[in-house]
Number of protein chains: 2
Amino acid sequence: MMAEAANDTVRLLWGPPAKPTRGPKPALSLERIAAAGVEIADAEGLGAVSMQKVAGLLDFTKMSLYRYVPGKAELIALMVESAVDAPSDAPEGAGWREQLTVWAHHLADSFARHPWLLDATVGARAIGPRELAWLERVVAALDGHGLNGPERMDAAVLLTGHVRGIATQSRAAGPDHNPEAELLAALGAVVQEHADRFPAVAAAMADPGGRDQALEFGLERILDGLAALIERRANTD
Amino acid sequence: MMAEAANDTVRLLWGPPAKPTRGPKPALSLERIAAAGVEIADAEGLGAVSMQKVAGLLDFTKMSLYRYVPGKAELIALMVESAVDAPSDAPEGAGWREQLTVWAHHLADSFARHPWLLDATVGARAIGPRELAWLERVVAALDGHGLNGPERMDAAVLLTGHVRGIATQSRAAGPDHNPEAELLAALGAVVQEHADRFPAVAAAMADPGGRDQALEFGLERILDGLAALIERRANTD
DNA sequence: AAAAACTGTGTCTCGCGGACACTGTTCGTT
DNA sequence: AACGAACAGTGTCCGCGAGACACAGTTTTT
């Protein structure tokens with residue numbers, strides 16, 4: 001019923017406690033390998049992560065990694081699990097709204113610390129326990145407020161998508177003058193140049209407005225929207 | 001002030017009307033090249049797009065493409081511009097909420113038609129006129145409702161992020177039995193197996209709830225949240 | 001007519017992921 | 001104690017990818 005590759009990755013992420021041992025003892029470990037990969041990705045981006053470099057950082061040959069990891073996709077899955085924090089505990093007695101606010105900020109922090117997570121968590125892939133714990137927190141926070149199961153999951157997708165979007169954007173406007181910031185500047189120049197075709201964007205970009213609270217803004221809108229639904233459900237109960 | 005690579009891509013996307021001509025006439029065009037890339041990406045995914053294959057589809061050699069395009073990143077930027085629809089016209093006299101609803105569905109359609117757009121529009125990159133037109137629509141729809149410039153842009157990011165998130169998820173649960181669907185099934189199995197550690201998710205996934213309206217759900221929450229803000233601003237005006 | 005500018009090609013390099021055969025080590029079995 | 005199975009790490013090889021570069025052919029300008 002379940003497929004080969006999917007099964008491999010899932011086993012690696014979920015149930016690799018130990019195996020029978022006959023030959024020499026492994027000199028490496030999944031943890032060390034993942035950590036080396038994270039180190040490279042943090043420093044040079046996900047694109048710089050190759051089997052060669054990871055192995056080199058550990059003073060091993062590339063092929064030795066394949067004794068631990070079936071392939072690169074699985075290595076990256078392990079890196080994600082290794083780089084993602086455990087979600088922080090919600091404050092005692094906090095309501096759902098406060099819990100989700102803390103959650104979103106914490107998740108945004110993770111993306112800020114490891115920008116490559118944005119690239120690594122695109123598309124279909126296996127999810128590890130650490131990552132699933134984040135989902136659990138959202139769904140749990142919304143338990144018992146009149147939302148059905150799929151709705152709670154949808155809300156989680158909504159929040160995750162927002163944090164991702166913000167992280168993507170704030171990475172482009174990063175701290176240093178990375179090559180990515182150039183593109184942003186170029187976009188601004190282009191918009192000004194074609195202000196006649198894009199008047200609303202040009203006006204919006206010209207308006208100082210004051211703040212840089214994109215995460216907060218979207219988060220408050222989402223939470224307001226959820227609050228409205230929860231209240232409605234409570235009244236028609 | 002502006003950087004090299006960024007400038008190249010921007011010029012390619014925004015202002016390539018013509019150049020002086022001396023030698024032989026180009027047999028190819030940016031349009032044909034982009035279309036060939038889109039064809040491959042539609043059929044086999046973005047990963048299958050290589051200079052070789054694109055050139056092969058056009059019966060040219062790989063290197064000839066470099067006469068038109070500085071590199072692969074620029075090719076993909078052109079593919080995105082080529083694949084993205086022009087945003088549909090809003091119905092006459094429609095309110096902001098209706099406009100944004102139509103917009104979001106139309107954008108979701110684009111992602112459904114070209115799933116590789118999700119992969120191609122990750123990370124920092126140059127944005128073309130077609131893509132900018134989508135942003136313009138959102139910002140314009142929110143003009144004159146008491147939101148300042150950055151807030152209107154934030155709202156656009158919020159909506160885009162949501163549609164992206166939904167598209168990502170619905171691609172994983174795609175129509176056929178793609179390899180991606182296996183992972184989803186594997187996740188379900190894993191959650192059931194570890195239901196003690198992830199009770200909320202397990203319960204949410206077990207609850208049939210009835211529908212598959214993830215796009216609608218999040219969209220309504222966001223729009224409700226925006227409506228609340230707009231109303232608040234109108235009252236304190 | 002000659003030169004300049006341009007298009008498309010063939011060849012080369014480097015780095016990548018991964019298959020495979022091989023050597024050496026360690027443990028369970030006899 | 002000895003042997004053989006199971007395993008760890010290595011070296012070699014392949015195909016594919018992006019791209020640099022020199023070159024031949026074509027068209028326009030001088």
# chains A, B, ... in the order shown; residues from 1 in each chain; ligands from 1
>>> interface_residues(of="chain A", to="chain B", cutoff="6 Å", atoms="only C-alpha atoms", output="CSV table (one decimal) with N, CA and C atoms, in the first residue's frame")
chain,number,residue,atom,x,y,z
A,6,ALA,N,9.0,6.6,-0.2
A,6,ALA,CA,8.3,7.2,0.9
A,6,ALA,C,8.6,6.5,2.2
A,124,ALA,N,6.3,18.2,-2.3
A,124,ALA,CA,5.9,17.1,-1.5
A,124,ALA,C,7.1,16.5,-0.8
A,126,ALA,N,8.5,14.1,2.9
A,126,ALA,CA,8.1,13.4,4.2
A,126,ALA,C,8.3,14.4,5.3
A,136,GLU,N,0.8,20.0,15.2
A,136,GLU,CA,0.0,19.6,16.4
A,136,GLU,C,-0.4,20.8,17.3
A,139,VAL,N,-3.3,22.9,15.7
A,139,VAL,CA,-4.6,22.2,15.7
A,139,VAL,C,-5.1,22.1,17.2
A,140,ALA,N,-4.1,21.8,18.1
A,140,ALA,CA,-4.5,21.7,19.5
A,140,ALA,C,-5.1,23.0,20.0
A,148,ASN,N,-14.5,22.1,12.9
A,148,ASN,CA,-14.3,20.6,12.7
A,148,ASN,C,-12.9,20.3,12.2
A,149,GLY,N,-12.6,19.1,12.1
A,149,GLY,CA,-11.2,18.6,11.8
A,149,GLY,C,-10.6,19.3,10.6
A,150,PRO,N,-11.2,19.1,9.5
A,150,PRO,CA,-10.6,19.8,8.3
A,150,PRO,C,-10.5,21.3,8.4
A,154,ASP,N,-7.1,23.3,7.9
A,154,ASP,CA,-7.1,24.4,7.0
A,154,ASP,C,-6.5,25.7,7.7
A,158,LEU,N,-3.3,27.8,6.6
A,158,LEU,CA,-3.4,29.2,6.4
A,158,LEU,C,-2.3,30.0,7.2
A,161,GLY,N,1.2,29.1,5.8
A,161,GLY,CA,1.4,29.8,4.5
A,161,GLY,C,1.8,31.2,4.7
A,162,HIS,N,1.1,31.8,5.7
A,162,HIS,CA,1.4,33.3,5.9
A,162,HIS,C,2.8,33.4,6.4
A,165,GLY,N,5.2,33.0,3.7
A,165,GLY,CA,5.2,34.2,2.7
A,165,GLY,C,6.0,35.3,3.3
A,172,ALA,N,14.3,38.2,1.1
A,172,ALA,CA,14.7,39.0,-0.1
A,172,ALA,C,15.3,40.4,0.3
A,180,GLU,N,20.1,39.2,-3.5
A,180,GLU,CA,18.7,39.2,-3.6
A,180,GLU,C,18.1,40.6,-3.4
A,183,LEU,N,17.6,42.6,-6.5
A,183,LEU,CA,16.4,42.4,-7.2
A,183,LEU,C,15.3,43.3,-6.7
A,198,PHE,N,1.2,50.6,-13.4
A,198,PHE,CA,0.9,50.0,-12.1
A,198,PHE,C,0.8,51.1,-11.0
A,200,ALA,N,-1.4,51.6,-8.6
A,200,ALA,CA,-1.7,51.3,-7.2
A,200,ALA,C,-0.4,50.8,-6.5
A,201,VAL,N,0.4,49.9,-7.2
A,201,VAL,CA,1.6,49.4,-6.6
A,201,VAL,C,2.6,50.6,-6.4
A,204,ALA,N,1.5,52.6,-3.5
A,204,ALA,CA,1.7,51.8,-2.2
A,204,ALA,C,3.2,51.8,-1.8
A,207,ASP,N,4.3,55.3,-0.5
A,207,ASP,CA,3.7,55.6,0.8
A,207,ASP,C,4.6,55.1,1.9
A,209,GLY,N,4.2,55.1,5.2
A,209,GLY,CA,3.3,54.3,6.1
A,209,GLY,C,3.9,54.0,7.4
A,214,ALA,N,4.9,43.3,8.6
A,214,ALA,CA,4.1,42.5,7.7
A,214,ALA,C,3.6,41.2,8.4
A,218,GLY,N,-0.6,40.5,8.7
A,218,GLY,CA,-1.4,39.3,8.3
A,218,GLY,C,-1.9,38.4,9.4
A,221,ARG,N,-5.0,39.9,10.9
A,221,ARG,CA,-6.1,39.7,10.0
A,221,ARG,C,-6.6,38.2,10.1
A,222,ILE,N,-5.7,37.3,10.0
A,222,ILE,CA,-6.1,35.9,10.1
A,222,ILE,C,-6.8,35.6,11.4
A,224,ASP,N,-8.2,37.6,13.5
A,224,ASP,CA,-9.5,38.3,13.5
A,224,ASP,C,-10.6,37.5,12.8
A,225,GLY,N,-10.1,37.0,11.6
A,225,GLY,CA,-11.1,36.2,10.8
A,225,GLY,C,-11.5,34.9,11.5
A,226,LEU,N,-10.5,34.2,12.2
A,226,LEU,CA,-10.8,33.0,12.9
A,226,LEU,C,-11.7,33.4,14.1
>>> interface_residues(of="chain D", to="chain A", cutoff="9 Å", atoms="only C-alpha atoms (C1' of nucleotides)", output="list in words")
DA5, DA6, DC7, DA8, DG9 and DT10 of chain D
>>> interface_residues(of="chain C", to="chain A", cutoff="10 Å", atoms="only C-alpha atoms (C1' of nucleotides)", output="ChimeraX atom specification")
/C:15-18,24-28
>>> residues_around(residues="DT11 of chain C", least_positions_apart="2", cutoff="12 Å", atoms="only C-alpha atoms (C1' of nucleotides)", output="list in words")
Met63 of chain B; DT9 and DT13 of chain C; DA20, DC21, DA22 and DC23 of chain D
>>> atom_distance(atom1="atom CA of Asp109 of chain A", atom2="atom CA of Ser29 of chain A")
27.4 Å
>>> atom_distance(atom1="atom C1' of DT12 of chain D", atom2="atom C1' of DG10 of chain C")
28.1 Å
>>> calpha_fit_and_write(fixed="chain A", moving="chain B", output="mmCIF file with C-alpha atoms, in the first residue's frame")
data_model
loop_
_atom_site.group_PDB
_atom_site.id
_atom_site.type_symbol
_atom_site.label_atom_id
_atom_site.label_comp_id
_atom_site.auth_asym_id
_atom_site.auth_seq_id
_atom_site.Cartn_x
_atom_site.Cartn_y
_atom_site.Cartn_z
ATOM 1 C CA MET B 1 0.080 -0.102 0.021
ATOM 2 C CA MET B 2 2.861 2.316 0.775
ATOM 3 C CA ALA B 3 5.581 3.090 -1.682
ATOM 4 C CA GLU B 4 9.274 2.429 -1.537
ATOM 5 C CA ALA B 5 10.957 5.786 -1.421
ATOM 6 C CA ALA B 6 8.334 7.274 0.840
ATOM 7 C CA ASN B 7 8.736 4.402 3.192
ATOM 8 C CA ASP B 8 12.479 4.793 3.301
ATOM 9 C CA THR B 9 12.345 8.412 4.224
ATOM 10 C CA VAL B 10 9.611 7.882 6.761
ATOM 11 C CA ARG B 11 11.536 5.107 8.436
ATOM 12 C CA LEU B 12 14.598 7.294 8.559
ATOM 13 C CA LEU B 13 12.728 10.153 10.176
ATOM 14 C CA TRP B 14 10.511 8.206 12.511
ATOM 15 C CA GLY B 15 11.899 4.896 13.520
ATOM 16 C CA PRO B 16 15.635 4.368 13.164
ATOM 17 C CA PRO B 17 16.444 3.496 16.753
ATOM 18 C CA ALA B 18 18.921 0.726 15.913
ATOM 19 C CA LYS B 19 19.644 -2.160 13.642
ATOM 20 C CA PRO B 20 21.324 -5.507 14.162
ATOM 21 C CA THR B 21 25.051 -5.167 14.127
ATOM 22 C CA ARG B 22 27.616 -7.466 12.719
ATOM 23 C CA GLY B 23 30.422 -5.650 10.919
ATOM 24 C CA PRO B 24 32.452 -2.666 12.104
ATOM 25 C CA LYS B 25 30.755 0.015 14.111
ATOM 26 C CA PRO B 26 29.593 2.998 12.142
ATOM 27 C CA ALA B 27 31.897 5.923 12.623
ATOM 28 C CA LEU B 28 29.243 8.423 11.644
ATOM 29 C CA SER B 29 25.695 9.036 12.718
ATOM 30 C CA LEU B 30 22.630 10.538 11.148
ATOM 31 C CA GLU B 31 22.847 13.356 13.649
ATOM 32 C CA ARG B 32 26.396 14.308 12.745
ATOM 33 C CA ILE B 33 25.639 14.125 9.041
ATOM 34 C CA ALA B 34 22.553 16.265 9.384
ATOM 35 C CA ALA B 35 24.431 18.766 11.529
ATOM 36 C CA ALA B 36 27.162 19.066 8.917
ATOM 37 C CA GLY B 37 24.552 19.692 6.245
ATOM 38 C CA VAL B 38 22.902 22.333 8.370
ATOM 39 C CA GLU B 39 26.216 24.021 8.941
ATOM 40 C CA ILE B 40 26.836 24.307 5.227
ATOM 41 C CA ALA B 41 23.302 25.417 4.457
ATOM 42 C CA ASP B 42 23.416 28.068 7.153
ATOM 43 C CA ALA B 43 26.649 29.438 5.813
ATOM 44 C CA GLU B 44 26.211 29.171 2.059
ATOM 45 C CA GLY B 45 22.614 28.285 1.375
ATOM 46 C CA LEU B 46 20.883 25.083 0.465
ATOM 47 C CA GLY B 47 22.345 25.119 -3.015
ATOM 48 C CA ALA B 48 25.808 24.701 -1.586
ATOM 49 C CA VAL B 49 24.883 21.472 0.148
ATOM 50 C CA SER B 50 26.281 18.556 -1.783
ATOM 51 C CA MET B 51 27.268 15.091 -0.761
ATOM 52 C CA GLN B 52 30.845 16.027 -1.417
ATOM 53 C CA LYS B 53 30.861 19.033 0.849
ATOM 54 C CA VAL B 54 28.971 17.357 3.642
ATOM 55 C CA ALA B 55 31.311 14.391 3.573
ATOM 56 C CA GLY B 56 34.324 16.661 3.306
ATOM 57 C CA LEU B 57 33.286 18.593 6.385
ATOM 58 C CA LEU B 58 33.237 15.311 8.286
ATOM 59 C CA ASP B 59 36.504 14.109 6.757
ATOM 60 C CA PHE B 60 34.859 11.231 4.987
ATOM 61 C CA THR B 61 34.314 10.364 1.388
ATOM 62 C CA LYS B 62 31.112 11.156 -0.351
ATOM 63 C CA MET B 63 30.110 7.566 -0.861
ATOM 64 C CA SER B 64 30.325 6.717 2.794
ATOM 65 C CA LEU B 65 27.312 8.909 3.402
ATOM 66 C CA TYR B 66 25.236 6.564 1.316
ATOM 67 C CA ARG B 67 25.684 3.944 4.035
ATOM 68 C CA TYR B 68 23.564 6.147 6.242
ATOM 69 C CA VAL B 69 21.275 7.973 3.879
ATOM 70 C CA PRO B 70 19.615 6.614 0.728
ATOM 71 C CA GLY B 71 20.031 9.848 -1.172
ATOM 72 C CA LYS B 72 20.153 13.572 -1.056
ATOM 73 C CA ALA B 73 16.437 14.095 -0.560
ATOM 74 C CA GLU B 74 16.589 12.101 2.627
ATOM 75 C CA LEU B 75 19.613 14.032 3.778
ATOM 76 C CA ILE B 76 17.704 17.259 3.393
ATOM 77 C CA ALA B 77 14.725 15.831 5.233
ATOM 78 C CA LEU B 78 17.056 15.027 8.102
ATOM 79 C CA MET B 79 18.548 18.496 7.970
ATOM 80 C CA VAL B 80 15.097 20.011 8.261
ATOM 81 C CA GLU B 81 14.268 17.883 11.254
ATOM 82 C CA SER B 82 17.565 18.824 12.794
ATOM 83 C CA ALA B 83 17.250 22.541 12.181
ATOM 84 C CA VAL B 84 13.638 23.001 13.212
ATOM 85 C CA ASP B 85 13.158 23.913 16.840
ATOM 86 C CA ALA B 86 10.725 22.110 19.017
ATOM 87 C CA PRO B 87 7.742 24.424 19.220
ATOM 88 C CA SER B 88 7.798 26.467 22.383
ATOM 89 C CA ASP B 89 5.416 25.674 25.147
ATOM 90 C CA ALA B 90 2.412 27.907 25.220
ATOM 91 C CA PRO B 91 2.079 30.071 28.323
ATOM 92 C CA GLU B 92 -0.079 28.468 30.978
ATOM 93 C CA GLY B 93 -3.733 29.189 30.491
ATOM 94 C CA ALA B 94 -3.220 31.179 27.336
ATOM 95 C CA GLY B 95 -6.145 31.446 24.973
ATOM 96 C CA TRP B 96 -6.041 30.151 21.446
ATOM 97 C CA ARG B 97 -5.262 33.549 20.048
ATOM 98 C CA GLU B 98 -2.280 34.145 22.234
ATOM 99 C CA GLN B 99 -1.017 30.631 21.637
ATOM 100 C CA LEU B 100 -1.152 31.074 17.898
ATOM 101 C CA THR B 101 0.554 34.438 18.075
ATOM 102 C CA VAL B 102 3.461 33.009 19.993
ATOM 103 C CA TRP B 103 3.554 30.055 17.642
ATOM 104 C CA ALA B 104 3.721 32.216 14.546
ATOM 105 C CA HIS B 105 6.521 34.364 15.875
ATOM 106 C CA HIS B 106 8.490 31.366 16.924
ATOM 107 C CA LEU B 107 8.089 29.781 13.520
ATOM 108 C CA ALA B 108 9.147 33.000 11.856
ATOM 109 C CA ASP B 109 12.247 32.945 14.044
ATOM 110 C CA SER B 110 13.088 29.485 12.770
ATOM 111 C CA PHE B 111 12.911 30.681 9.202
ATOM 112 C CA ALA B 112 15.027 33.681 10.055
ATOM 113 C CA ARG B 113 17.689 31.531 11.672
ATOM 114 C CA HIS B 114 17.739 29.032 8.804
ATOM 115 C CA PRO B 115 16.569 30.789 5.668
ATOM 116 C CA TRP B 116 17.248 27.699 3.588
ATOM 117 C CA LEU B 117 14.308 26.030 5.333
ATOM 118 C CA LEU B 118 12.177 27.956 2.899
ATOM 119 C CA ASP B 119 13.830 26.153 0.022
ATOM 120 C CA ALA B 120 13.988 22.809 1.740
ATOM 121 C CA THR B 121 10.314 22.669 2.635
ATOM 122 C CA VAL B 122 8.918 23.252 -0.834
ATOM 123 C CA GLY B 123 6.999 20.571 -2.594
ATOM 124 C CA ALA B 124 5.956 17.153 -1.443
ATOM 125 C CA ARG B 125 8.203 15.578 1.108
ATOM 126 C CA ALA B 126 8.127 13.468 4.204
ATOM 127 C CA ILE B 127 7.515 15.231 7.481
ATOM 128 C CA GLY B 128 9.370 14.377 10.649
ATOM 129 C CA PRO B 129 8.235 14.419 14.251
ATOM 130 C CA ARG B 130 9.653 17.847 15.022
ATOM 131 C CA GLU B 131 7.836 19.368 12.123
ATOM 132 C CA LEU B 132 4.637 17.545 12.912
ATOM 133 C CA ALA B 133 4.799 18.902 16.435
ATOM 134 C CA TRP B 134 4.333 22.378 15.000
ATOM 135 C CA LEU B 135 1.202 21.298 13.247
ATOM 136 C CA GLU B 136 -0.009 19.643 16.410
ATOM 137 C CA ARG B 137 0.311 22.884 18.325
ATOM 138 C CA VAL B 138 -1.906 24.812 15.960
ATOM 139 C CA VAL B 139 -4.562 22.167 15.746
ATOM 140 C CA ALA B 140 -4.534 21.670 19.494
ATOM 141 C CA ALA B 141 -4.854 25.397 20.119
ATOM 142 C CA LEU B 142 -8.018 25.424 18.060
ATOM 143 C CA ASP B 143 -9.542 22.372 19.672
ATOM 144 C CA GLY B 144 -12.911 22.890 21.252
ATOM 145 C CA HIS B 145 -13.863 26.120 19.560
ATOM 146 C CA GLY B 146 -16.447 24.784 17.172
ATOM 147 C CA LEU B 147 -14.182 24.109 14.202
ATOM 148 C CA ASN B 148 -14.304 20.667 12.673
ATOM 149 C CA GLY B 149 -11.225 18.635 11.838
ATOM 150 C CA PRO B 150 -10.586 19.768 8.292
ATOM 151 C CA GLU B 151 -11.224 23.341 9.302
ATOM 152 C CA ARG B 152 -8.586 23.137 12.007
ATOM 153 C CA MET B 153 -6.143 21.726 9.491
ATOM 154 C CA ASP B 154 -7.051 24.439 7.034
ATOM 155 C CA ALA B 155 -6.391 27.047 9.659
ATOM 156 C CA ALA B 156 -2.969 25.527 10.236
ATOM 157 C CA VAL B 157 -2.199 25.667 6.546
ATOM 158 C CA LEU B 158 -3.347 29.246 6.473
ATOM 159 C CA LEU B 159 -1.073 30.287 9.310
ATOM 160 C CA THR B 160 1.902 28.345 8.019
ATOM 161 C CA GLY B 161 1.467 29.806 4.576
ATOM 162 C CA HIS B 162 1.451 33.283 5.959
ATOM 163 C CA VAL B 163 4.595 32.872 8.014
ATOM 164 C CA ARG B 164 6.308 31.325 5.011
ATOM 165 C CA GLY B 165 5.265 34.186 2.786
ATOM 166 C CA ILE B 166 6.589 36.741 5.213
ATOM 167 C CA ALA B 167 9.820 34.869 5.692
ATOM 168 C CA THR B 168 10.326 34.649 1.950
ATOM 169 C CA GLN B 169 9.812 38.344 1.576
ATOM 170 C CA SER B 170 11.962 39.367 4.472
ATOM 171 C CA ARG B 171 14.757 37.155 3.265
ATOM 172 C CA ALA B 172 14.763 39.028 -0.037
ATOM 173 C CA ALA B 173 15.119 42.313 1.825
ATOM 174 C CA GLY B 174 17.784 40.759 3.990
ATOM 175 C CA PRO B 175 20.219 42.502 6.264
ATOM 176 C CA ASP B 176 23.263 42.678 4.021
ATOM 177 C CA HIS B 177 23.505 43.720 0.452
ATOM 178 C CA ASN B 178 22.917 40.233 -0.824
ATOM 179 C CA PRO B 179 22.324 39.668 -4.503
ATOM 180 C CA GLU B 180 18.678 39.261 -3.599
ATOM 181 C CA ALA B 181 18.334 42.789 -2.347
ATOM 182 C CA GLU B 182 19.395 44.027 -5.752
ATOM 183 C CA LEU B 183 16.367 42.451 -7.298
ATOM 184 C CA LEU B 184 14.151 44.229 -4.856
ATOM 185 C CA ALA B 185 15.751 47.515 -5.709
ATOM 186 C CA ALA B 186 15.419 46.725 -9.390
ATOM 187 C CA LEU B 187 11.744 46.020 -8.893
ATOM 188 C CA GLY B 188 11.255 49.366 -7.235
ATOM 189 C CA ALA B 189 12.939 51.122 -10.118
ATOM 190 C CA VAL B 190 10.878 49.257 -12.657
ATOM 191 C CA VAL B 191 7.644 50.051 -10.904
ATOM 192 C CA GLN B 192 8.470 53.733 -10.810
ATOM 193 C CA GLU B 193 9.340 53.640 -14.479
ATOM 194 C CA HIS B 194 6.051 52.000 -15.428
ATOM 195 C CA ALA B 195 3.965 53.800 -12.848
ATOM 196 C CA ASP B 196 1.286 54.410 -15.443
ATOM 197 C CA ARG B 197 0.646 50.706 -15.869
ATOM 198 C CA PHE B 198 0.826 49.881 -12.168
ATOM 199 C CA PRO B 199 -0.491 52.948 -10.400
ATOM 200 C CA ALA B 200 -1.735 51.199 -7.297
ATOM 201 C CA VAL B 201 1.533 49.402 -6.639
ATOM 202 C CA ALA B 202 3.532 52.515 -7.381
ATOM 203 C CA ALA B 203 1.449 54.505 -4.946
ATOM 204 C CA ALA B 204 1.606 51.818 -2.291
ATOM 205 C CA MET B 205 5.373 51.576 -2.568
ATOM 206 C CA ALA B 206 5.770 55.330 -2.458
ATOM 207 C CA ASP B 207 3.660 55.638 0.674
ATOM 208 C CA PRO B 208 6.021 55.405 3.627
ATOM 209 C CA GLY B 209 3.246 54.316 5.991
ATOM 210 C CA GLY B 210 5.771 53.892 8.698
ATOM 211 C CA ARG B 211 6.264 50.315 9.691
ATOM 212 C CA ASP B 212 7.707 46.979 8.829
ATOM 213 C CA GLN B 213 5.207 44.730 10.503
ATOM 214 C CA ALA B 214 4.145 42.505 7.672
ATOM 215 C CA LEU B 215 4.058 39.447 9.904
ATOM 216 C CA GLU B 216 1.895 41.159 12.468
ATOM 217 C CA PHE B 217 -0.430 42.622 9.918
ATOM 218 C CA GLY B 218 -1.357 39.370 8.248
ATOM 219 C CA LEU B 219 -1.409 37.505 11.511
ATOM 220 C CA GLU B 220 -3.882 39.914 13.048
ATOM 221 C CA ARG B 221 -6.123 39.680 9.993
ATOM 222 C CA ILE B 222 -6.091 35.892 10.108
ATOM 223 C CA LEU B 223 -6.735 35.763 13.810
ATOM 224 C CA ASP B 224 -9.523 38.314 13.506
ATOM 225 C CA GLY B 225 -11.065 36.170 10.811
ATOM 226 C CA LEU B 226 -10.786 33.056 12.932
ATOM 227 C CA ALA B 227 -12.224 34.883 15.909
ATOM 228 C CA ALA B 228 -15.214 35.928 13.849
ATOM 229 C CA LEU B 229 -15.843 32.350 12.798
ATOM 230 C CA ILE B 230 -15.428 31.016 16.307
ATOM 231 C CA GLU B 231 -17.837 33.581 17.663
ATOM 232 C CA ARG B 232 -20.357 32.831 14.951
ATOM 233 C CA ARG B 233 -20.183 29.134 15.727
ATOM 234 C CA ALA B 234 -20.599 29.777 19.430
ATOM 235 C CA ASN B 235 -23.742 31.790 18.820
ATOM 236 C CA THR B 236 -25.426 29.344 16.467
ATOM 237 C CA ASP B 237 -24.624 26.446 18.729
#
>>> select_by_dssp(residues="segment 109-147 of chain A", states="helix (DSSP H, G or I)", output="count of residues only")
22
>>> atom_distance(atom1="atom C1' of DA2 of chain C", atom2="atom C1' of DT26 of chain D")
14.8 Å
>>> decode(residues="segment 214-230 of chain B", atoms="N, CA and C atoms", output="short mmCIF file (atom, residue, chain, number, x, y, z; two decimals), in the first residue's frame")
data_model
loop_
_atom_site.label_atom_id
_atom_site.label_comp_id
_atom_site.auth_asym_id
_atom_site.auth_seq_id
_atom_site.Cartn_x
_atom_site.Cartn_y
_atom_site.Cartn_z
N ALA B 214 -10.32 24.05 1.27
CA ALA B 214 -9.25 24.72 2.01
C ALA B 214 -9.02 26.13 1.49
N LEU B 215 -9.11 26.31 0.17
CA LEU B 215 -8.91 27.64 -0.38
C LEU B 215 -9.97 28.60 0.14
N GLU B 216 -11.20 28.18 0.05
CA GLU B 216 -12.29 29.01 0.52
C GLU B 216 -12.15 29.35 2.00
N PHE B 217 -11.85 28.34 2.76
CA PHE B 217 -11.80 28.55 4.21
C PHE B 217 -10.83 29.68 4.57
N GLY B 218 -9.60 29.53 4.13
CA GLY B 218 -8.61 30.54 4.48
C GLY B 218 -8.94 31.90 3.88
N LEU B 219 -9.45 31.85 2.66
CA LEU B 219 -9.79 33.11 2.00
C LEU B 219 -10.86 33.86 2.78
N GLU B 220 -11.87 33.16 3.21
CA GLU B 220 -12.94 33.81 3.96
C GLU B 220 -12.41 34.39 5.28
N ARG B 221 -11.53 33.65 5.93
CA ARG B 221 -10.94 34.17 7.17
C ARG B 221 -10.17 35.45 6.90
N ILE B 222 -9.35 35.43 5.87
CA ILE B 222 -8.54 36.61 5.55
C ILE B 222 -9.44 37.79 5.21
N LEU B 223 -10.42 37.54 4.40
CA LEU B 223 -11.29 38.63 3.97
C LEU B 223 -12.12 39.15 5.15
N ASP B 224 -12.54 38.24 6.01
CA ASP B 224 -13.24 38.70 7.22
C ASP B 224 -12.31 39.60 8.05
N GLY B 225 -11.07 39.17 8.16
CA GLY B 225 -10.13 39.97 8.95
C GLY B 225 -9.89 41.33 8.33
N LEU B 226 -9.78 41.36 7.02
CA LEU B 226 -9.59 42.64 6.33
C LEU B 226 -10.84 43.50 6.49
N ALA B 227 -11.99 42.88 6.39
CA ALA B 227 -13.23 43.63 6.52
C ALA B 227 -13.31 44.28 7.90
N ALA B 228 -12.90 43.53 8.90
CA ALA B 228 -12.94 44.07 10.26
C ALA B 228 -12.04 45.29 10.37
N LEU B 229 -10.87 45.20 9.79
CA LEU B 229 -9.94 46.33 9.85
C LEU B 229 -10.50 47.54 9.09
N ILE B 230 -11.03 47.26 7.92
CA ILE B 230 -11.56 48.35 7.10
C ILE B 230 -12.70 49.05 7.84
#
